[in-house]
Amino acid sequence: MAGSSSARAVEAEIEQLHALAEAIGIARKWWGVDGAERTVSDASLASIATALGYAAGSAAEIARSLEQQASERRQPPAMIVTEVGVPTPLPASIARAELTGEDGVARTLPVGDWTLPPIAEPGYYRLELAGHVLTLAVAPRRCPAVRDFAEGKLWGPAVQIPALRGSTARPFGDFGELDEAVSLFAARGADVLAINPVHALFPGNGMGFSPYSPSSRLYLNSAMGAPELLGLPSLPQSLPPPLPSGEGGPLIDWEGALPRRLADLRTLFASLDAGARARIARDNAVHGEGLRRQALFDALDVHFRPGGADGWRDWPLPYQDPEGAAVGAFAAEHAEEVEFHLFTQWLARESLARVQAHARQQGMAVGLLADLAVGVHTGGADAWSMRESMLEGLTIGAPPDPLGPHGQNWMLTGFSPRGLVRSGYAPWIATLRAALSLAGGLRIDHAFGLSRLWVVPAGEASSAGAYLAYPFVDLIRLVALEAHRARALIVAEDLGTMPAGFAEAVADRKMLGMRVLWFERAADRGFIGGQDYAPDSVAMTGTHDTATVAGWWSGHDLEWAEKLGRLPADSSPEREAGRRDWDRGLLWATLTRDAAPRPAPGDPEPVVEAALRHIGGSASQLAIAPLEDLLAEREQPNLPGTVTEHPNWRRRLAAPLKDLLEEPGTAERIEALDGARRR
């Protein structure tokens with residue numbers, strides 16, 4: 001009997017654990033791209049729940065956590081998010097009446113369907129209900145559409161800014177090279193120029209250069225500033241021959257270049273006169289305490305990193321609290337250092353603003369399409385300064401999918417659903433505004449994360465993760481509202497395992513999905529025609545994470561897969577080569593209807609041109625081609641699932657962009673894309 005009783009207790013505890021997981025949005029079951037159902041282990045559920053602030057180590061802890069979650073649901077919200085023209089039901093925490101008798105017992109009475117009447121104008125409103133003051137966010141029904149910017153179909157390149165070369169030899173491309181790229185492509189008919197994320201990294205850290213692992217998404221990569229755009233002396237980077245190691249080669253020497261750029265910025269800062277410093281201080285003042293805290297974080301990072309600290313979690317404990325006395329004392333003692341980092345942020349911000357202004361002045365309808373990374377470094381500035389709004393003890397990634405067959409743990413953190421709701425979505429709104437303030441549009445990386453994120457207990461493999469639900473409707477409504485306020489285009493990166501209801505919600509709000517050539521397949525595995533692409537989408541020949549057209553056609557991506565042991569376990573190089581040859585036939589038939597003989601694998605240029613014409617002639621309102629495809633390059637910027645095995649984010653153009661665009665083959669490819677858009 002004792003054993004039976006013990007078994008029932010364990011079963012009851014597991015049931016309660018499952019109930020807790022459901023209440024806080026952890027999915028016990030999920031479906032892979034192969035359609036097979038998977039079940040998350042109870043150990044993972046307990047670990048994730050505990051990391052989210054709901055202890056789940058015992059039956060008693062689970063019971064307390066269930067009550068804690070129920071209590072939180074009874075609290076009035078800090079923000080209600082709705083849409084124009086629709087009545088808004090009030091949450092139970094506000095639309096309720098409580099009756100307390102003489103015996104002191106409180107009873108909740110039904111009060112019917114309490115709703116707010118429809119509101120016609122989008123915006124943020126102060127709302128007072130039952131003595132509770134909150135913010136009412138009223139979103140428009142849709143984001144700005146392509147037709148709101150210009151008639152017809154638009155196109156543009158996607159560039160990796162550090163890869164760009166200009167007329168002056170530099171260790172890597174910055175906003176100066178980006179400004180030149182804007183001019184070159186505007187002259188060729190482009191209306192948009194998509195860029196890699198330019199979020200703040202750790203200053204001068206030559207090991208942390210991935211644009212998708214930023215320190216902060218609220219501020220900018222200070223190494224990208226271009227003083228010549230602002231009338232300041234150029235950085236001392238005009239390098240006489242012979243160039244330092246790596247400057248003229250195909251790969252960026254980040255380990256040497258970023259510390260040197262930080263030193264160059266210090267030299268420039270030291271040369272500023274009082275008038276220039278006063279101007280910078282005035283410009284920065286409107287950005288408030290948040291900007292100063294970012295500069296303070298950067299000063300602390302530079303101070304502690306030489307001792308081996310990789311982010312704030314490695315700092316001495318007193319400095320881990322942004323509000324602590326030690327941090328305040330450091331700020332006072334190192335005031336000039338903090339001012340230096342305020343300067344580098346000013347330089348980056350004003351440089352990028354100048355690039356966007358130039359894009360519009362030169363006729364681009366949209367200009368820059370910025371990129372919002374899905375998360376931030378766990379030891380970075382956002383995780384330090386917004387700890388109450390961030391996931392703790394969890395990293396984010398992805399289960400196995402076509403881009404990462406073995407699953408991915410990106411070792412990043414992101415916003416906590418609980419923290420977002422508690423804060424009235426303030427961090428999310430601030431992040432959107434930061435990105436949209438300097439661009440004409442925004443691509444949201446891994447936009448599925450607005451609905452759910454794959455979270456992994458710290459130190460565990462991706463397979464130990466589970467999907468965590470986010471307040472999807474509220475988040476996309478806020479995207480629509482901020483896009484409306486900024487008059488900006490929104491692209492939702494929707495590659496991979498799509499959550500239920502995601503496609504419909506995004507389409508209803510006129511966010512542009514991504515239609516990438518390689519993933520647009522029919523049931524028979526053939527490639528679908530461009531006329532079948534959704535109009536409210538971006539047609540693309542590829543992304544920074546996929547093989548280039550030339551790389552795919554030549555089989556160069558398969559060579560990398562074999563070299564790194566990334567071929568499917570049940571396959572072989574010969575088998576994959578055979579599949580690729582079959583797929584080449586399918587692709588060529590779609591691109592040309594076999595109007596010409598199929599080119600050999602070693603002759604990819606005709607295929608690249610046909611692919612560009614394909615996306616240009618598609619039904620999509622916007623077409624974006626990676627610069628690597630416009631140049632018919634075989635190498636891709638990034639290989640998902642690798643860190644050092646592949647030279648991710650290091651590749652540079654072989655020559656200045658102006659020279660490359662003037663080459664006859666490149667000019668013909670750009671004309672093919674531009675011409676197809678105009679037909």
# chains A, B, ... in the order shown; residues from 1 in each chain; ligands from 1

$ residues_around --residues "A:Leu262" --least-positions-apart "4" --cutoff "12 Å" --atoms "only C-alpha atoms" --output "compact mmCIF listing (two decimals) with N, CA and C atoms, in the first residue's frame"
# COMPACT_ATOMS: atom_id res chain seq x y z
N PHE A 202 30.60 44.55 -27.63
CA PHE A 202 31.50 44.93 -26.55
C PHE A 202 32.65 45.72 -27.16
N PRO A 203 32.86 46.97 -26.76
CA PRO A 203 33.83 47.83 -27.46
C PRO A 203 35.25 47.30 -27.41
N GLY A 204 35.85 47.23 -28.60
CA GLY A 204 37.24 46.83 -28.69
C GLY A 204 37.51 45.35 -28.50
N ASN A 205 36.45 44.55 -28.33
CA ASN A 205 36.63 43.12 -28.09
C ASN A 205 36.73 42.39 -29.42
N GLY A 206 37.93 42.00 -29.79
CA GLY A 206 38.14 41.36 -31.08
C GLY A 206 37.62 39.94 -31.18
N ASN A 221 26.70 49.69 -32.60
CA ASN A 221 28.08 49.22 -32.65
C ASN A 221 28.99 50.43 -32.82
N SER A 222 29.69 50.80 -31.77
CA SER A 222 30.47 52.03 -31.78
C SER A 222 31.64 51.98 -32.75
N ALA A 223 32.03 50.79 -33.22
CA ALA A 223 33.12 50.69 -34.18
C ALA A 223 32.70 51.09 -35.59
N MET A 224 31.39 51.29 -35.81
CA MET A 224 30.89 51.58 -37.15
C MET A 224 30.85 53.06 -37.48
N GLY A 225 31.05 53.94 -36.51
CA GLY A 225 30.94 55.38 -36.75
C GLY A 225 31.90 55.86 -37.83
N LEU A 235 39.24 58.81 -39.22
CA LEU A 235 40.07 58.00 -38.33
C LEU A 235 41.38 57.67 -39.02
N PRO A 236 42.46 57.51 -38.27
CA PRO A 236 43.78 57.25 -38.87
C PRO A 236 43.86 55.84 -39.41
N GLN A 237 43.10 55.61 -40.53
CA GLN A 237 43.06 54.26 -41.09
C GLN A 237 43.53 54.22 -42.53
N TRP A 254 39.49 40.57 -37.16
CA TRP A 254 38.76 41.25 -36.09
C TRP A 254 39.59 41.37 -34.81
N GLU A 255 40.37 40.35 -34.51
CA GLU A 255 41.14 40.35 -33.27
C GLU A 255 42.10 41.54 -33.20
N GLY A 256 42.62 41.93 -34.35
CA GLY A 256 43.49 43.09 -34.37
C GLY A 256 42.76 44.38 -34.68
N ALA A 257 41.72 44.30 -35.53
CA ALA A 257 41.07 45.51 -36.03
C ALA A 257 40.23 46.21 -34.97
N LEU A 258 39.49 45.47 -34.16
CA LEU A 258 38.60 46.13 -33.21
C LEU A 258 39.35 46.84 -32.08
N ARG A 266 39.72 56.82 -29.54
CA ARG A 266 40.24 57.58 -28.39
C ARG A 266 41.08 58.78 -28.87
N THR A 267 41.88 58.53 -29.90
CA THR A 267 42.69 59.62 -30.45
C THR A 267 41.81 60.74 -30.98
N LEU A 268 40.76 60.37 -31.69
CA LEU A 268 39.84 61.36 -32.23
C LEU A 268 39.13 62.12 -31.11
N PHE A 269 38.68 61.39 -30.09
CA PHE A 269 37.99 62.03 -28.96
C PHE A 269 38.89 63.04 -28.27
N ASP A 298 29.87 50.19 -21.01
CA ASP A 298 31.02 50.01 -21.90
C ASP A 298 32.32 50.36 -21.18
N ALA A 299 32.29 51.41 -20.36
CA ALA A 299 33.49 51.78 -19.61
C ALA A 299 33.88 50.68 -18.63
N VAL A 302 35.34 47.64 -20.64
CA VAL A 302 36.73 47.88 -21.04
C VAL A 302 37.66 47.79 -19.84
N PHE A 340 33.82 59.41 -23.12
CA PHE A 340 34.35 58.85 -24.37
C PHE A 340 33.35 57.89 -25.00
N HIS A 341 32.76 57.02 -24.20
CA HIS A 341 31.81 56.06 -24.77
C HIS A 341 30.50 56.73 -25.17
N PHE A 343 30.56 59.61 -26.56
CA PHE A 343 31.00 60.13 -27.86
C PHE A 343 30.91 59.05 -28.94
N THR A 344 31.37 57.84 -28.65
CA THR A 344 31.35 56.80 -29.69
C THR A 344 29.93 56.44 -30.08

$ residues_around --residues "stretch 307-313 of chain A" --least-positions-apart "5" --cutoff "7 Å" --atoms "only C-alpha atoms" --output "ChimeraX atom specification"
/A:301,320,379-380,384

$ residues_around --residues "A:Glu72" --least-positions-apart "4" --cutoff "12 Å" --atoms "only C-alpha atoms" --output "list in words"
Ala23, Ile24, Tyr54, Ser65, Leu66, Glu67, Gln68, Pro76, Pro77, Ala92, Ser93, Arg418, Gly419, Val421 and Arg422 of chain A

$ write_last_selection --atoms "N, CA and C atoms" --output "mmCIF file, in the first residue's frame"
data_model
loop_
_atom_site.group_PDB
_atom_site.id
_atom_site.type_symbol
_atom_site.label_atom_id
_atom_site.label_comp_id
_atom_site.auth_asym_id
_atom_site.auth_seq_id
_atom_site.Cartn_x
_atom_site.Cartn_y
_atom_site.Cartn_z
ATOM 1 N N ALA A 23 0.254 26.738 -17.424
ATOM 2 C CA ALA A 23 -0.144 28.051 -16.919
ATOM 3 C C ALA A 23 0.869 29.127 -17.263
ATOM 4 N N ILE A 24 2.145 28.772 -17.299
ATOM 5 C CA ILE A 24 3.168 29.792 -17.559
ATOM 6 C C ILE A 24 3.679 29.752 -18.997
ATOM 7 N N TYR A 54 9.351 30.307 -11.128
ATOM 8 C CA TYR A 54 8.314 29.460 -10.554
ATOM 9 C C TYR A 54 8.963 28.147 -10.099
ATOM 10 N N SER A 65 3.968 27.742 -6.556
ATOM 11 C CA SER A 65 4.152 28.427 -7.836
ATOM 12 C C SER A 65 2.832 28.571 -8.592
ATOM 13 N N LEU A 66 1.976 27.567 -8.491
ATOM 14 C CA LEU A 66 0.662 27.676 -9.118
ATOM 15 C C LEU A 66 -0.141 28.810 -8.497
ATOM 16 N N GLU A 67 -0.083 28.934 -7.190
ATOM 17 C CA GLU A 67 -0.777 30.029 -6.515
ATOM 18 C C GLU A 67 -0.144 31.373 -6.870
ATOM 19 N N GLN A 68 1.177 31.394 -6.965
ATOM 20 C CA GLN A 68 1.879 32.620 -7.361
ATOM 21 C C GLN A 68 1.426 33.069 -8.743
ATOM 22 N N PRO A 76 -3.854 43.996 -11.811
ATOM 23 C CA PRO A 76 -4.165 44.843 -12.977
ATOM 24 C C PRO A 76 -2.926 45.011 -13.854
ATOM 25 N N PRO A 77 -3.089 45.034 -15.164
ATOM 26 C CA PRO A 77 -1.931 45.159 -16.063
ATOM 27 C C PRO A 77 -1.402 46.578 -16.098
ATOM 28 N N ALA A 92 -9.841 40.380 -16.503
ATOM 29 C CA ALA A 92 -10.585 40.051 -15.285
ATOM 30 C C ALA A 92 -10.053 40.787 -14.072
ATOM 31 N N SER A 93 -8.767 41.137 -14.087
ATOM 32 C CA SER A 93 -8.180 41.824 -12.939
ATOM 33 C C SER A 93 -8.748 43.225 -12.750
ATOM 34 N N ARG A 418 6.966 37.232 -18.660
ATOM 35 C CA ARG A 418 6.503 37.797 -17.397
ATOM 36 C C ARG A 418 7.046 39.219 -17.213
ATOM 37 N N GLY A 419 8.323 39.415 -17.538
ATOM 38 C CA GLY A 419 8.917 40.734 -17.395
ATOM 39 C C GLY A 419 8.320 41.749 -18.349
ATOM 40 N N VAL A 421 5.204 41.784 -19.568
ATOM 41 C CA VAL A 421 3.863 42.156 -19.101
ATOM 42 C C VAL A 421 3.955 43.082 -17.895
ATOM 43 N N ARG A 422 4.817 42.737 -16.960
ATOM 44 C CA ARG A 422 4.972 43.557 -15.760
ATOM 45 C C ARG A 422 5.400 44.989 -16.093
#

$ select_by_dssp --residues "stretch 71-149 of chain A" --states "strand (DSSP E or B)" --output "PyMOL selection string"
chain A and resi 79-83+88-89+97-100+106-109+115-116+123-129+132-139

$ residues_around --residues "A:Gly57" --least-positions-apart "4" --cutoff "12 Å" --atoms "only C-alpha atoms" --output "PyMOL selection string"
chain A and resi 13-14+16-17+42-51+53+61-65

$ write_last_selection --atoms "C-alpha atoms" --output "mmCIF file, in the first residue's frame"
data_model
loop_
_atom_site.group_PDB
_atom_site.id
_atom_site.type_symbol
_atom_site.label_atom_id
_atom_site.label_comp_id
_atom_site.auth_asym_id
_atom_site.auth_seq_id
_atom_site.Cartn_x
_atom_site.Cartn_y
_atom_site.Cartn_z
ATOM 1 C CA GLU A 13 3.133 15.892 -8.575
ATOM 2 C CA ILE A 14 3.746 15.300 -12.282
ATOM 3 C CA GLN A 16 0.688 19.541 -11.101
ATOM 4 C CA LEU A 17 3.994 20.165 -12.871
ATOM 5 C CA ASP A 42 9.597 16.566 -16.953
ATOM 6 C CA ALA A 43 13.123 17.424 -15.831
ATOM 7 C CA SER A 44 13.330 20.103 -18.530
ATOM 8 C CA LEU A 45 9.891 21.444 -17.605
ATOM 9 C CA ALA A 46 10.939 21.778 -13.968
ATOM 10 C CA SER A 47 14.255 23.440 -14.842
ATOM 11 C CA ILE A 48 12.664 25.941 -17.203
ATOM 12 C CA ALA A 49 9.824 26.762 -14.793
ATOM 13 C CA THR A 50 12.304 27.379 -11.989
ATOM 14 C CA ALA A 51 14.415 29.635 -14.192
ATOM 15 C CA GLY A 53 10.716 32.293 -11.342
ATOM 16 C CA GLU A 61 7.099 24.259 -4.510
ATOM 17 C CA ILE A 62 4.888 23.502 -7.491
ATOM 18 C CA ALA A 63 1.757 24.200 -5.424
ATOM 19 C CA ARG A 64 3.160 27.545 -4.281
ATOM 20 C CA SER A 65 4.152 28.427 -7.836
#

$ closest_residue --among "A:Asn196, A:Ser213, A:Ser416, A:Ser71" --to "A:Ser389" --atoms "only C-alpha atoms"
A:Ser416
